[in-house]
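*Asks:* Below is the structure I would like to discuss, written out as structure tokens.
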Amino acid sequence: MPRADFITGLALIALGVGALMQSLAMPRFADLGVNPYTVPGLVPGLLGAIIAGLGGVLTLRAAGNGGWRMARAETQTPDRAERGREWRRLLITLALTVGYAGGLVGSIPFPLATGLFMLLFILLFTPDEQWKTIPLWRTLVVAVVIAGATATIVTLLFERLFLVRLP
């Protein structure tokens, strides 16, 4: 996986830098006295910077594990079962994301939709080892707290700081 992570990290850096550059090119409406927190390029610029930064972290971690080598080592070749798990995780992520954006958002209050999305994501991607070693109730409580906090913070950021009306 280090090689795939290295390439993915580079792609995320390029995507993030591109989004940041495009957001900087957007009008700021300073001559109209617009609040600087409501300019059109602020959120895309922040997201672009975050994506580029996280892509950099992924790239550095992968490089430390030998991901910069472009030749595939025998030890890096995933077996059939591992490829199946990777595809399953990808399809679950796709289903959750499309279900969230296309089904939940707009149908139910935004904080509830976001909390449900986060809760399902956490529970479905909790490593199997954790389910075996940590009591079920503790994992569920932690997942509910994280999902609730994320939904609250995201809602408050968009409504109070960025002045965006959420569905």
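To be explicit about the labels: the chains of the structure tokens are called A, B, and onward in the order shown, and within each one the residues are counted from 1, while ligands get numbers from 1 in the order they are shown.
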Write out as a PyMOL selection string the residues lying within 7 Å of Val17 (chain A), counting only C-alpha atoms and excluding same-chain residues fewer than 2 positions away.
*Replies:* chain A and resi 13-15+19-21+48-49+52
*Asks:* How would the residues just picked look written out with N, CA, C and O atoms as a PDB file, in the first residue's frame?
*Replies:*
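What landed in again-v6.pdb:
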ATOM      1  N   ILE A  13      -2.411  16.419  -3.165  1.00  0.00           N
ATOM      2  CA  ILE A  13      -1.692  17.691  -3.106  1.00  0.00           C
ATOM      3  C   ILE A  13      -2.032  18.530  -4.334  1.00  0.00           C
ATOM      4  O   ILE A  13      -2.345  19.719  -4.222  1.00  0.00           O
ATOM      5  N   ALA A  14      -1.988  17.919  -5.514  1.00  0.00           N
ATOM      6  CA  ALA A  14      -2.299  18.645  -6.750  1.00  0.00           C
ATOM      7  C   ALA A  14      -3.740  19.161  -6.733  1.00  0.00           C
ATOM      8  O   ALA A  14      -4.002  20.317  -7.091  1.00  0.00           O
ATOM      9  N   LEU A  15      -4.676  18.325  -6.306  1.00  0.00           N
ATOM     10  CA  LEU A  15      -6.079  18.734  -6.230  1.00  0.00           C
ATOM     11  C   LEU A  15      -6.255  19.888  -5.246  1.00  0.00           C
ATOM     12  O   LEU A  15      -6.930  20.886  -5.549  1.00  0.00           O
ATOM     13  N   ALA A  19      -7.436  23.700  -6.121  1.00  0.00           N
ATOM     14  CA  ALA A  19      -8.619  24.315  -5.514  1.00  0.00           C
ATOM     15  C   ALA A  19      -8.256  25.610  -4.812  1.00  0.00           C
ATOM     16  O   ALA A  19      -8.989  26.614  -4.907  1.00  0.00           O
ATOM     17  N   LEU A  20      -7.137  25.630  -4.123  1.00  0.00           N
ATOM     18  CA  LEU A  20      -6.689  26.841  -3.433  1.00  0.00           C
ATOM     19  C   LEU A  20      -6.390  27.960  -4.428  1.00  0.00           C
ATOM     20  O   LEU A  20      -6.808  29.108  -4.232  1.00  0.00           O
ATOM     21  N   MET A  21      -5.719  27.628  -5.517  1.00  0.00           N
ATOM     22  CA  MET A  21      -5.398  28.639  -6.527  1.00  0.00           C
ATOM     23  C   MET A  21      -6.666  29.198  -7.168  1.00  0.00           C
ATOM     24  O   MET A  21      -6.785  30.413  -7.380  1.00  0.00           O
ATOM     25  N   GLY A  48      -9.280  23.356   0.076  1.00  0.00           N
ATOM     26  CA  GLY A  48      -8.133  23.045  -0.769  1.00  0.00           C
ATOM     27  C   GLY A  48      -6.844  22.958   0.031  1.00  0.00           C
ATOM     28  O   GLY A  48      -6.029  22.046  -0.168  1.00  0.00           O
ATOM     29  N   ALA A  49      -6.668  23.903   0.956  1.00  0.00           N
ATOM     30  CA  ALA A  49      -5.470  23.888   1.795  1.00  0.00           C
ATOM     31  C   ALA A  49      -5.449  22.649   2.691  1.00  0.00           C
ATOM     32  O   ALA A  49      -4.398  22.014   2.866  1.00  0.00           O
ATOM     33  N   ALA A  52      -4.646  19.594   0.499  1.00  0.00           N
ATOM     34  CA  ALA A  52      -3.227  19.580   0.146  1.00  0.00           C
ATOM     35  C   ALA A  52      -2.372  19.193   1.347  1.00  0.00           C
ATOM     36  O   ALA A  52      -1.425  18.398   1.219  1.00  0.00           O
TER      37      ALA A  52
END
*Asks:* Pick the closest to Gly41 (chain A) from A:Leu54, A:Leu91, A:Val98, A:Leu24: which is it, counting only C-alpha atoms?
*Replies:*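 Of all the options, A:Leu24 lies closest to Gly41 (chain A).
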*Asks:* Write out as an MDAnalysis selection string all residues of region 7-167 of chain A that DSSP puts in alpha helix (DSSP H) for this structure's backbone.
*Replies:* chainID A and resid 7:24 42:64 80:99 110:125 128:133 136:156
*Asks:* Record the distance separating CA of Gly64 (chain A) and CA of Phe121 (chain A), expressed in Å with one decimal.
*Replies:*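 Interatomic distance here is 28.2 Å.
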*Asks:* Identify, on the basis of only C-alpha atoms, every residue whose closest approach to Thr59 (chain A) does not exceed 8 Å; exclude the query and any residue fewer than 6 positions from it along the same chain; express the result as an mmCIF file with all heavy atoms, in the first residue's frame.
*Replies:*
data_model
loop_
_atom_site.group_PDB
_atom_site.id
_atom_site.type_symbol
_atom_site.label_atom_id
_atom_site.label_comp_id
_atom_site.auth_asym_id
_atom_site.auth_seq_id
_atom_site.Cartn_x
_atom_site.Cartn_y
_atom_site.Cartn_z
ATOM 1 N N ASP A 5 -0.485 4.773 -1.647
ATOM 2 C CA ASP A 5 -0.645 5.947 -0.789
ATOM 3 C C ASP A 5 0.215 7.101 -1.273
ATOM 4 O O ASP A 5 -0.206 8.261 -1.221
ATOM 5 C CB ASP A 5 -0.279 5.603 0.656
ATOM 6 C CG ASP A 5 -1.337 4.762 1.345
ATOM 7 O OD1 ASP A 5 -2.441 4.601 0.773
ATOM 8 O OD2 ASP A 5 -1.061 4.258 2.445
ATOM 9 N N PHE A 6 1.421 6.801 -1.736
ATOM 10 C CA PHE A 6 2.319 7.841 -2.238
ATOM 11 C C PHE A 6 1.703 8.533 -3.455
ATOM 12 O O PHE A 6 1.644 9.767 -3.522
ATOM 13 C CB PHE A 6 3.678 7.222 -2.594
ATOM 14 C CG PHE A 6 4.717 8.226 -3.001
ATOM 15 C CD1 PHE A 6 5.378 8.968 -2.034
ATOM 16 C CD2 PHE A 6 5.031 8.424 -4.331
ATOM 17 C CE1 PHE A 6 6.348 9.898 -2.396
ATOM 18 C CE2 PHE A 6 5.991 9.342 -4.706
ATOM 19 C CZ PHE A 6 6.656 10.086 -3.730
ATOM 20 N N ILE A 7 1.215 7.757 -4.390
ATOM 21 C CA ILE A 7 0.609 8.317 -5.605
ATOM 22 C C ILE A 7 -0.671 9.076 -5.257
ATOM 23 O O ILE A 7 -0.916 10.179 -5.755
ATOM 24 C CB ILE A 7 0.341 7.203 -6.636
ATOM 25 C CG1 ILE A 7 1.676 6.625 -7.135
ATOM 26 C CG2 ILE A 7 -0.491 7.718 -7.802
ATOM 27 C CD1 ILE A 7 1.553 5.355 -7.933
ATOM 28 N N THR A 8 -1.500 8.512 -4.380
ATOM 29 C CA THR A 8 -2.730 9.176 -3.963
ATOM 30 C C THR A 8 -2.407 10.486 -3.252
ATOM 31 O O THR A 8 -3.077 11.505 -3.474
ATOM 32 C CB THR A 8 -3.554 8.260 -3.039
ATOM 33 O OG1 THR A 8 -3.849 7.052 -3.732
ATOM 34 C CG2 THR A 8 -4.843 8.931 -2.598
ATOM 35 N N GLY A 9 -1.400 10.487 -2.400
ATOM 36 C CA GLY A 9 -0.990 11.709 -1.710
ATOM 37 C C GLY A 9 -0.583 12.802 -2.676
ATOM 38 O O GLY A 9 -0.959 13.971 -2.507
ATOM 39 N N LEU A 10 0.187 12.438 -3.695
ATOM 40 C CA LEU A 10 0.586 13.431 -4.703
ATOM 41 C C LEU A 10 -0.634 13.985 -5.447
ATOM 42 O O LEU A 10 -0.721 15.183 -5.709
ATOM 43 C CB LEU A 10 1.580 12.804 -5.692
ATOM 44 C CG LEU A 10 2.952 12.445 -5.125
ATOM 45 C CD1 LEU A 10 3.794 11.741 -6.201
ATOM 46 C CD2 LEU A 10 3.673 13.674 -4.603
#
*Asks:* With distances taken over only C-alpha atoms, which of A:Phe125, A:Leu47, A:Val141, A:Ile134 is nearest to Arg85 (chain A)?
*Replies:*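 Of the candidates, the smallest distance to Arg85 (chain A) is held by A:Phe125.
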*Asks:* Taking only C-alpha atoms into account, produce a table as a tab-separated table in which each residue of region 34-129 of chain A with an atom at most 10 Å from an atom of region 142-148 of chain A appears once, together with its shortest atom pair and the distance in Å to one decimal, ordered by chain and rising number.
*Replies:*
residue	atom	partner	partner_atom	distance
A:Pro111	CA	A:Gly148	CA	8.3
A:Leu112	CA	A:Gly148	CA	8.5
A:Thr114	CA	A:Ala147	CA	7.7
A:Gly115	CA	A:Ala147	CA	4.8
A:Leu116	CA	A:Ala147	CA	7.2
A:Phe117	CA	A:Ala147	CA	8.0
A:Met118	CA	A:Ala147	CA	5.0
A:Leu119	CA	A:Ala147	CA	5.2
A:Leu120	CA	A:Ala143	CA	8.8
A:Phe121	CA	A:Ala147	CA	9.2
A:Ile122	CA	A:Ala143	CA	6.2
A:Leu123	CA	A:Ala143	CA	7.0
A:Thr126	CA	A:Ala143	CA	9.5
